[in-house]
$ cat final_4.tsv   # TSV, N, CA and C atoms
chain	number	residue	atom	x	y	z
A	1	MET	N	62.29	80.32	82.62
A	1	MET	CA	63.15	80.13	81.47
A	1	MET	C	64.50	80.80	81.67
A	2	ALA	N	64.49	82.07	81.96
A	2	ALA	CA	65.76	82.78	82.15
A	2	ALA	C	65.68	83.76	83.31
A	3	CYS	N	64.75	83.51	84.23
A	3	CYS	CA	64.57	84.45	85.33
A	3	CYS	C	65.81	84.53	86.22
A	4	PHE	N	66.63	83.47	86.24
A	4	PHE	CA	67.83	83.46	87.08
A	4	PHE	C	68.90	84.43	86.59
A	5	THR	N	68.78	84.89	85.35
A	5	THR	CA	69.81	85.79	84.82
A	5	THR	C	69.74	87.18	85.45
A	6	VAL	N	68.56	87.60	85.91
A	6	VAL	CA	68.44	88.93	86.53
A	6	VAL	C	69.17	88.98	87.87
A	7	PRO	N	68.91	88.05	88.82
A	7	PRO	CA	69.70	88.06	90.05
A	7	PRO	C	71.19	87.81	89.79
A	8	ALA	N	71.51	87.01	88.76
A	8	ALA	CA	72.91	86.78	88.43
A	8	ALA	C	73.58	88.06	87.95
A	9	ALA	N	72.86	88.86	87.16
A	9	ALA	CA	73.42	90.14	86.71
A	9	ALA	C	73.62	91.08	87.89
A	10	GLU	N	72.65	91.09	88.83
A	10	GLU	CA	72.83	91.92	90.03
A	10	GLU	C	74.01	91.42	90.85
A	11	ALA	N	74.19	90.11	90.91
A	11	ALA	CA	75.31	89.54	91.66
A	11	ALA	C	76.65	89.94	91.05
A	12	ILE	N	76.72	89.99	89.74
A	12	ILE	CA	77.96	90.44	89.06
A	12	ILE	C	78.25	91.89	89.44
A	13	ILE	N	77.23	92.73	89.40
A	13	ILE	CA	77.41	94.15	89.72
A	13	ILE	C	77.82	94.33	91.18
A	14	THR	N	77.16	93.62	92.10
A	14	THR	CA	77.50	93.79	93.51
A	14	THR	C	78.85	93.17	93.85
A	15	THR	N	79.27	92.16	93.11
A	15	THR	CA	80.60	91.59	93.33
A	15	THR	C	81.67	92.60	92.96
A	16	ILE	N	81.49	93.26	91.84
A	16	ILE	CA	82.44	94.30	91.43
A	16	ILE	C	82.43	95.44	92.42
A	17	ALA	N	81.24	95.88	92.82
A	17	ALA	CA	81.13	96.98	93.79
A	17	ALA	C	81.75	96.59	95.12
A	18	GLY	N	81.54	95.36	95.56
A	18	GLY	CA	82.12	94.89	96.81
A	18	GLY	C	83.63	94.89	96.79
A	19	ARG	N	84.21	94.51	95.68
A	19	ARG	CA	85.68	94.53	95.57
A	19	ARG	C	86.22	95.95	95.59
A	20	ILE	N	85.52	96.86	94.94
A	20	ILE	CA	85.94	98.26	94.95
A	20	ILE	C	85.84	98.82	96.36
A	21	ILE	N	84.74	98.55	97.04
A	21	ILE	CA	84.54	99.04	98.41
A	21	ILE	C	85.59	98.46	99.34
A	22	LYS	N	85.89	97.18	99.18
A	22	LYS	CA	86.88	96.53	100.04
A	22	LYS	C	88.27	97.15	99.85
A	23	SER	N	88.62	97.45	98.61
A	23	SER	CA	89.93	98.06	98.38
A	23	SER	C	89.99	99.47	98.97
A	24	LYS	N	88.87	100.20	98.91
A	24	LYS	CA	88.84	101.53	99.52
A	24	LYS	C	88.90	101.45	101.04
A	25	GLU	N	88.25	100.44	101.61
A	25	GLU	CA	88.31	100.27	103.07
A	25	GLU	C	89.73	99.95	103.53
A	26	LYS	N	90.47	99.20	102.74
A	26	LYS	CA	91.85	98.87	103.10
A	26	LYS	C	92.74	100.10	103.08
A	27	HIS	N	92.45	101.03	102.15
A	27	HIS	CA	93.29	102.22	102.01
A	27	HIS	C	92.97	103.31	103.01
A	28	GLN	N	91.82	103.20	103.69
A	28	GLN	CA	91.49	104.20	104.68
A	28	GLN	C	92.41	104.03	105.89
A	29	THR	N	92.82	105.15	106.43
A	29	THR	CA	93.69	105.09	107.60
A	29	THR	C	92.85	104.95	108.85
A	30	ILE	N	93.39	104.24	109.81
A	30	ILE	CA	92.71	104.03	111.09
A	30	ILE	C	93.06	105.20	111.99
A	31	ASP	N	92.04	105.82	112.54
A	31	ASP	CA	92.21	106.97	113.41
A	31	ASP	C	92.78	106.49	114.75
A	32	ALA	N	93.99	106.90	115.06
A	32	ALA	CA	94.65	106.45	116.28
A	32	ALA	C	94.01	107.02	117.53
A	33	SER	N	93.34	108.16	117.39
A	33	SER	CA	92.72	108.78	118.56
A	33	SER	C	91.37	108.17	118.90
A	34	LYS	N	90.90	107.25	118.09
A	34	LYS	CA	89.61	106.62	118.33
A	34	LYS	C	89.69	105.75	119.57
A	35	ASN	N	88.67	105.79	120.39
A	35	ASN	CA	88.62	105.03	121.62
A	35	ASN	C	88.60	103.54	121.29
A	36	THR	N	89.46	102.76	121.91
A	36	THR	CA	89.54	101.33	121.61
A	36	THR	C	88.45	100.53	122.31
A	37	THR	N	87.67	101.18	123.20
A	37	THR	CA	86.61	100.45	123.88
A	37	THR	C	85.35	100.35	123.03
A	38	ASP	N	85.29	101.07	121.91
A	38	ASP	CA	84.13	100.99	121.04
A	38	ASP	C	84.02	99.59	120.46
A	39	ALA	N	82.80	99.13	120.35
A	39	ALA	CA	82.57	97.81	119.76
A	39	ALA	C	82.91	97.87	118.28
A	40	PRO	N	83.55	96.83	117.76
A	40	PRO	CA	83.91	96.83	116.34
A	40	PRO	C	82.66	96.79	115.46
A	41	LYS	N	82.73	97.50	114.34
A	41	LYS	CA	81.61	97.51	113.40
A	41	LYS	C	81.97	96.62	112.21
A	42	ILE	N	80.95	96.02	111.66
A	42	ILE	CA	81.14	95.15	110.50
A	42	ILE	C	81.34	96.05	109.28
A	43	PRO	N	82.42	95.84	108.53
A	43	PRO	CA	82.65	96.67	107.34
A	43	PRO	C	81.56	96.47	106.29
A	44	PHE	N	81.29	97.51	105.53
A	44	PHE	CA	80.25	97.44	104.51
A	44	PHE	C	80.59	96.41	103.44
A	45	SER	N	81.88	96.20	103.18
A	45	SER	CA	82.25	95.19	102.18
A	45	SER	C	81.82	93.80	102.63
A	46	THR	N	81.83	93.54	103.93
A	46	THR	CA	81.35	92.26	104.45
A	46	THR	C	79.84	92.16	104.27
A	47	LYS	N	79.15	93.27	104.54
A	47	LYS	CA	77.69	93.27	104.40
A	47	LYS	C	77.27	93.07	102.94
A	48	ILE	N	77.99	93.68	102.02
A	48	ILE	CA	77.66	93.49	100.60
A	48	ILE	C	78.03	92.08	100.16
A	49	GLY	N	78.99	91.48	100.87
A	49	GLY	CA	79.32	90.07	100.62
A	49	GLY	C	78.15	89.16	100.95
A	50	TRP	N	77.37	89.53	101.98
A	50	TRP	CA	76.17	88.74	102.31
A	50	TRP	C	75.20	88.77	101.14
A	51	LEU	N	75.01	89.96	100.56
A	51	LEU	CA	74.11	90.08	99.41
A	51	LEU	C	74.62	89.24	98.25
A	52	ASN	N	75.93	89.28	98.01
A	52	ASN	CA	76.51	88.49	96.93
A	52	ASN	C	76.22	87.00	97.12
A	53	LYS	N	76.42	86.52	98.33
A	53	LYS	CA	76.19	85.10	98.59
A	53	LYS	C	74.72	84.73	98.37
A	54	MET	N	73.82	85.60	98.81
A	54	MET	CA	72.39	85.33	98.63
A	54	MET	C	72.04	85.31	97.14
A	55	LEU	N	72.56	86.29	96.38
A	55	LEU	CA	72.24	86.37	94.95
A	55	LEU	C	72.87	85.23	94.17
A	56	TRP	N	74.17	84.96	94.40
A	56	TRP	CA	74.83	83.88	93.67
A	56	TRP	C	74.21	82.53	94.00
A	57	GLY	N	73.90	82.29	95.29
A	57	GLY	CA	73.30	81.03	95.68
A	57	GLY	C	71.93	80.83	95.06
A	58	GLY	N	71.10	81.87	95.10
A	58	GLY	CA	69.77	81.78	94.50
A	58	GLY	C	69.84	81.60	93.00
A	59	SER	N	70.75	82.32	92.35
A	59	SER	CA	70.89	82.19	90.90
A	59	SER	C	71.37	80.80	90.51
A	60	ALA	N	72.31	80.26	91.27
A	60	ALA	CA	72.81	78.92	90.97
A	60	ALA	C	71.71	77.87	91.15
A	61	LEU	N	70.94	78.02	92.21
A	61	LEU	CA	69.85	77.08	92.45
A	61	LEU	C	68.80	77.15	91.34
A	62	LEU	N	68.46	78.37	90.94
A	62	LEU	CA	67.49	78.53	89.85
A	62	LEU	C	68.03	78.02	88.53
A	63	ALA	N	69.30	78.27	88.25
A	63	ALA	CA	69.90	77.78	87.01
A	63	ALA	C	69.88	76.26	87.00
A	64	PHE	N	70.21	75.64	88.14
A	64	PHE	CA	70.16	74.18	88.22
A	64	PHE	C	68.74	73.67	87.95
A	65	GLU	N	67.74	74.35	88.53
A	65	GLU	CA	66.36	73.95	88.33
A	65	GLU	C	65.97	74.05	86.85
A	66	HIS	N	66.42	75.10	86.18
A	66	HIS	CA	66.11	75.27	84.76
A	66	HIS	C	66.84	74.23	83.90
A	67	VAL	N	68.06	73.88	84.27
A	67	VAL	CA	68.77	72.81	83.56
A	67	VAL	C	68.04	71.49	83.78
A	68	TRP	N	67.61	71.25	85.01
A	68	TRP	CA	66.91	70.01	85.35
A	68	TRP	C	65.65	69.82	84.51
A	69	HIS	N	64.94	70.93	84.26
A	69	HIS	CA	63.70	70.85	83.49
A	69	HIS	C	63.92	71.01	81.98
A	70	GLY	N	65.17	71.09	81.56
A	70	GLY	CA	65.47	71.15	80.14
A	70	GLY	C	65.26	72.51	79.50
A	71	GLU	N	65.15	73.55	80.30
A	71	GLU	CA	64.96	74.90	79.75
A	71	GLU	C	66.29	75.55	79.39
A	72	VAL	N	67.37	75.08	79.97
A	72	VAL	CA	68.72	75.54	79.65
A	72	VAL	C	69.49	74.33	79.17
A	73	VAL	N	70.14	74.47	78.01
A	73	VAL	CA	70.87	73.36	77.41
A	73	VAL	C	72.34	73.75	77.21
A	74	PRO	N	73.24	72.78	77.13
A	74	PRO	CA	74.66	73.10	77.02
A	74	PRO	C	75.14	73.46	75.61
A	75	PHE	N	74.25	73.81	74.72
A	75	PHE	CA	74.66	74.21	73.37
A	75	PHE	C	73.91	75.48	72.99
A	76	PHE	N	74.46	76.19	72.02
A	76	PHE	CA	73.88	77.46	71.58
A	76	PHE	C	72.47	77.25	71.05
A	77	PRO	N	71.54	78.05	71.36
A	77	PRO	CA	71.51	79.34	72.07
A	77	PRO	C	71.33	79.21	73.58
A	78	PHE	N	71.54	78.05	74.15
A	78	PHE	CA	71.53	77.77	75.58
A	78	PHE	C	70.14	77.81	76.22
A	79	LEU	N	69.29	78.70	75.77
A	79	LEU	CA	67.93	78.78	76.31
A	79	LEU	C	66.96	78.23	75.27
A	80	THR	N	66.20	77.23	75.66
A	80	THR	CA	65.29	76.59	74.71
A	80	THR	C	64.18	77.54	74.28
A	81	ALA	N	63.89	78.55	75.06
A	81	ALA	CA	62.85	79.51	74.68
A	81	ALA	C	63.27	80.30	73.45
A	82	VAL	N	64.55	80.61	73.34
A	82	VAL	CA	65.05	81.32	72.16
A	82	VAL	C	64.99	80.40	70.95
A	83	GLU	N	65.33	79.16	71.16
A	83	GLU	CA	65.34	78.18	70.07
A	83	GLU	C	63.91	77.91	69.56
A	84	ASN	N	62.94	77.93	70.46
A	84	ASN	CA	61.55	77.61	70.11
A	84	ASN	C	60.75	78.84	69.69
A	85	GLY	N	61.36	79.99	69.64
A	85	GLY	CA	60.66	81.20	69.24
A	85	GLY	C	59.80	81.80	70.34
A	86	GLU	N	60.11	81.51	71.59
A	86	GLU	CA	59.37	82.05	72.72
A	86	GLU	C	60.15	83.15	73.43
A	87	ALA	N	60.91	83.91	72.69
A	87	ALA	CA	61.77	84.93	73.29
A	87	ALA	C	60.96	86.00	74.01
A	88	ALA	N	59.81	86.38	73.45
A	88	ALA	CA	58.98	87.41	74.10
A	88	ALA	C	58.49	86.92	75.46
A	89	GLU	N	58.08	85.67	75.52
A	89	GLU	CA	57.63	85.09	76.79
A	89	GLU	C	58.78	85.03	77.79
A	90	MET	N	59.98	84.70	77.30
A	90	MET	CA	61.16	84.64	78.16
A	90	MET	C	61.49	86.02	78.72
A	91	LEU	N	61.46	87.04	77.88
A	91	LEU	CA	61.74	88.39	78.34
A	91	LEU	C	60.69	88.86	79.35
A	92	HIS	N	59.45	88.48	79.14
A	92	HIS	CA	58.39	88.82	80.09
A	92	HIS	C	58.65	88.16	81.44
A	93	GLU	N	59.07	86.90	81.42
A	93	GLU	CA	59.38	86.21	82.67
A	93	GLU	C	60.57	86.86	83.38
A	94	MET	N	61.56	87.26	82.61
A	94	MET	CA	62.72	87.94	83.21
A	94	MET	C	62.29	89.26	83.85
A	95	ALA	N	61.40	89.99	83.16
A	95	ALA	CA	60.96	91.29	83.65
A	95	ALA	C	60.06	91.17	84.87
A	96	THR	N	59.32	90.10	84.97
A	96	THR	CA	58.41	89.96	86.11
A	96	THR	C	59.04	89.12	87.21
A	97	ALA	N	59.26	87.86	86.95
A	97	ALA	CA	59.76	86.95	87.99
A	97	ALA	C	61.21	87.26	88.36
A	98	GLY	N	62.07	87.49	87.39
A	98	GLY	CA	63.48	87.75	87.67
A	98	GLY	C	63.69	89.03	88.46
A	99	VAL	N	63.05	90.10	88.03
A	99	VAL	CA	63.18	91.38	88.75
A	99	VAL	C	62.58	91.27	90.14
A	100	SER	N	61.43	90.59	90.26
A	100	SER	CA	60.80	90.41	91.57
A	100	SER	C	61.72	89.66	92.53
A	101	MET	N	62.33	88.59	92.05
A	101	MET	CA	63.24	87.81	92.91
A	101	MET	C	64.44	88.65	93.33
A	102	ALA	N	65.01	89.39	92.41
A	102	ALA	CA	66.16	90.22	92.73
A	102	ALA	C	65.79	91.30	93.75
A	103	LEU	N	64.62	91.91	93.58
A	103	LEU	CA	64.18	92.94	94.53
A	103	LEU	C	63.89	92.36	95.90
A	104	ILE	N	63.29	91.18	95.96
A	104	ILE	CA	62.99	90.56	97.25
A	104	ILE	C	64.27	90.19	97.98
A	105	VAL	N	65.22	89.61	97.28
A	105	VAL	CA	66.50	89.25	97.91
A	105	VAL	C	67.20	90.50	98.41
A	106	THR	N	67.20	91.57	97.62
A	106	THR	CA	67.84	92.81	98.04
A	106	THR	C	67.11	93.43	99.23
A	107	ALA	N	65.79	93.35	99.26
A	107	ALA	CA	65.03	93.88	100.40
A	107	ALA	C	65.32	93.09	101.67
A	108	VAL	N	65.40	91.77	101.57
A	108	VAL	CA	65.74	90.95	102.73
A	108	VAL	C	67.13	91.30	103.23
A	109	TRP	N	68.06	91.49	102.32
A	109	TRP	CA	69.42	91.90	102.69
A	109	TRP	C	69.39	93.27	103.37
A	110	GLY	N	68.59	94.20	102.85
A	110	GLY	CA	68.48	95.52	103.46
A	110	GLY	C	67.95	95.44	104.89
A	111	ILE	N	66.99	94.56	105.12
A	111	ILE	CA	66.47	94.36	106.47
A	111	ILE	C	67.56	93.78	107.36
A	112	MET	N	68.32	92.83	106.83
A	112	MET	CA	69.43	92.25	107.60
A	112	MET	C	70.43	93.33	108.00
A	113	VAL	N	70.80	94.17	107.07
A	113	VAL	CA	71.77	95.23	107.34
A	113	VAL	C	71.19	96.22	108.35
A	114	GLY	N	69.89	96.52	108.24
A	114	GLY	CA	69.25	97.41	109.19
A	114	GLY	C	69.27	96.85	110.60
A	115	VAL	N	68.98	95.57	110.74
A	115	VAL	CA	69.00	94.93	112.06
A	115	VAL	C	70.41	94.93	112.63
A	116	VAL	N	71.39	94.63	111.81
A	116	VAL	CA	72.78	94.64	112.27
A	116	VAL	C	73.18	96.05	112.70
A	117	SER	N	72.76	97.05	111.95
A	117	SER	CA	73.07	98.44	112.32
A	117	SER	C	72.46	98.81	113.67
A	118	LEU	N	71.24	98.34	113.91
A	118	LEU	CA	70.62	98.59	115.22
A	118	LEU	C	71.43	97.95	116.34
A	119	PHE	N	71.87	96.72	116.12
A	119	PHE	CA	72.69	96.04	117.12
A	119	PHE	C	74.01	96.79	117.32
A	120	GLU	N	74.61	97.28	116.25
A	120	GLU	CA	75.87	98.02	116.38
A	120	GLU	C	75.67	99.31	117.16
A	121	LYS	N	74.58	100.02	116.89
A	121	LYS	CA	74.28	101.25	117.64
A	121	LYS	C	74.03	100.94	119.10
A	122	HIS	N	73.30	99.86	119.36
A	122	HIS	CA	73.01	99.46	120.74
A	122	HIS	C	74.31	99.11	121.48
A	123	SER	N	75.20	98.40	120.82
A	123	SER	CA	76.47	98.03	121.46
A	123	SER	C	77.35	99.26	121.67
A	124	ASP	N	77.27	100.25	120.79
A	124	ASP	CA	78.01	101.50	120.99
A	124	ASP	C	77.50	102.22	122.24
A	125	LYS	N	76.18	102.27	122.40
A	125	LYS	CA	75.59	102.95	123.56
A	125	LYS	C	75.95	102.25	124.85
A	126	THR	N	75.91	100.91	124.85
A	126	THR	CA	76.22	100.18	126.07
A	126	THR	C	77.70	100.27	126.41
A	127	SER	N	78.57	100.28	125.41
A	127	SER	CA	80.01	100.40	125.70
A	127	SER	C	80.33	101.80	126.18
A	128	THR	N	79.65	102.82	125.64
A	128	THR	CA	79.86	104.20	126.09
A	128	THR	C	79.32	104.36	127.51
A	129	ALA	N	78.14	103.79	127.79
A	129	ALA	CA	77.57	103.88	129.12
A	129	ALA	C	78.44	103.14	130.13
A	130	GLY	N	78.99	102.01	129.75
A	130	GLY	CA	79.88	101.27	130.64
A	130	GLY	C	81.16	102.03	130.91
A	131	THR	N	81.67	102.73	129.93
A	131	THR	CA	82.88	103.55	130.11
A	131	THR	C	82.59	104.70	131.05
A	132	LEU	N	81.45	105.35	130.87
A	132	LEU	CA	81.07	106.46	131.73
A	132	LEU	C	80.83	105.99	133.16
A	133	ALA	N	80.14	104.88	133.32
A	133	ALA	CA	79.86	104.37	134.66
A	133	ALA	C	81.15	103.93	135.34
A	134	GLY	N	82.07	103.36	134.59
A	134	GLY	CA	83.35	102.94	135.16
A	134	GLY	C	84.19	104.13	135.57
A	135	GLY	N	84.09	105.22	134.84
A	135	GLY	CA	84.85	106.41	135.18
A	135	GLY	C	84.29	107.13	136.39
A	136	LEU	N	82.99	106.97	136.66
A	136	LEU	CA	82.37	107.64	137.79
A	136	LEU	C	82.57	106.88	139.09
A	137	ALA	N	82.83	105.59	139.00
A	137	ALA	CA	82.93	104.77	140.21
A	137	ALA	C	84.21	104.93	140.94

$ encode --input "final_4.tsv" --output "structure tokens"
Amino acid sequence: MACFTVPAAEAIITTIAGRIIKSKEKHQTIDASKNTTDAPKIPFSTKIGWLNKMLWGGSALLAFEHVWHGEVVPFFPFLTAVENGEAAEMLHEMATAGVSMALIVTAVWGIMVGVVSLFEKHSDKTSTAGTLAGGLA
């Protein structure tokens, strides 16, 4: 009925947080003494953008599915569950299915970020080892 509103609410929050993080990343100064041979790292604002896309896409798909089945209508109160007096059932669905979906999407994103971090650390080690080996030769 309204389970898509929970991931949509998380998407709103992460969109705002992503914009704040991106503006802070722009204002940070680049350390000129940093070695240029280091592999570039993906900014956190880009990584949070992945979460935004997953949440917005899933919410839009779920909202479309609810419109398709007539559970969401284009007139007030928009949700047929509220109109039919099933608000308690709707809130229960939001608390169970909506929260579960939001947590699963966030967990999958966390795994994605963890894997990317491992690749970034691995590329740092190989670029450092290559620099050391090149200096010894």

$ closest_residue --input "final_4.tsv" --among "A:Ala107, A:Ala81, A:Ala97, A:Leu51" --to "Cys3 of chain A" --atoms "only C-alpha atoms"
A:Ala97

$ atom_distance --input "final_4.tsv" --atom1 "atom C of His69 of chain A" --atom2 "atom N of Thr14 of chain A"
28.1 Å

$ atom_distance --input "final_4.tsv" --atom1 "atom CA of His66 of chain A" --atom2 "atom CA of Phe4 of chain A"
8.7 Å

$ closest_residue --input "final_4.tsv" --among "A:Ser100, A:Thr15, A:Thr5, A:Gln28" --to "Ala60 of chain A" --atoms "only C-alpha atoms"
A:Thr5

$ closest_residue --input "final_4.tsv" --among "A:Leu61, A:Ser45, A:Glu10, A:Trp109" --to "Ser23 of chain A" --atoms "all atoms listed in the file"
A:Ser45

$ atom_distance --input "final_4.tsv" --atom1 "atom CA of Ser127 of chain A" --atom2 "atom CA of Lys26 of chain A"
25.6 Å

$ closest_residue --input "final_4.tsv" --among "A:Ile48, A:Ile21, A:Leu55, A:Leu91" --to "Ala9 of chain A" --atoms "only N, CA and C atoms"
A:Leu55

$ closest_residue --input "final_4.tsv" --among "A:Gly85, A:Glu65, A:Lys47, A:Ala95" --to "Ile111 of chain A" --atoms "only C-alpha atoms"
A:Lys47

$ residues_around --input "final_4.tsv" --residues "Glu25 of chain A" --least-positions-apart "6" --cutoff "10 Å" --atoms "only C-alpha atoms" --output "list in words"
Arg19, Pro43, Phe44 and Ser45 of chain A

$ closest_residue --input "final_4.tsv" --among "A:Gly18, A:Pro7, A:Gly114, A:Pro40" --to "Ser59 of chain A" --atoms "all atoms listed in the file"
A:Pro7

$ axis_aligned_box --input "final_4.tsv" --around "segment 109-122 of chain A" --padding-each-side "4 Å" --output "lines of an AutoDock Vina configuration file"
center_x = 71.2
center_y = 96.4
center_z = 111.9
size_x = 17.4
size_y = 17.8
size_z = 27.2

$ select_by_dssp --input "final_4.tsv" --residues "chain A" --states "alpha helix (DSSP H)" --output "VMD selection string"
chain A and resid 5 to 27 44 to 68 80 to 83 87 to 93 99 to 136

$ residues_near_point --input "final_4.tsv" --point "(64.5, 82.4, 74.8)" --cutoff "12 Å" --atoms "only C-alpha atoms" --output "PyMOL selection string"
chain A and resi 1-3+5+71-73+76-94
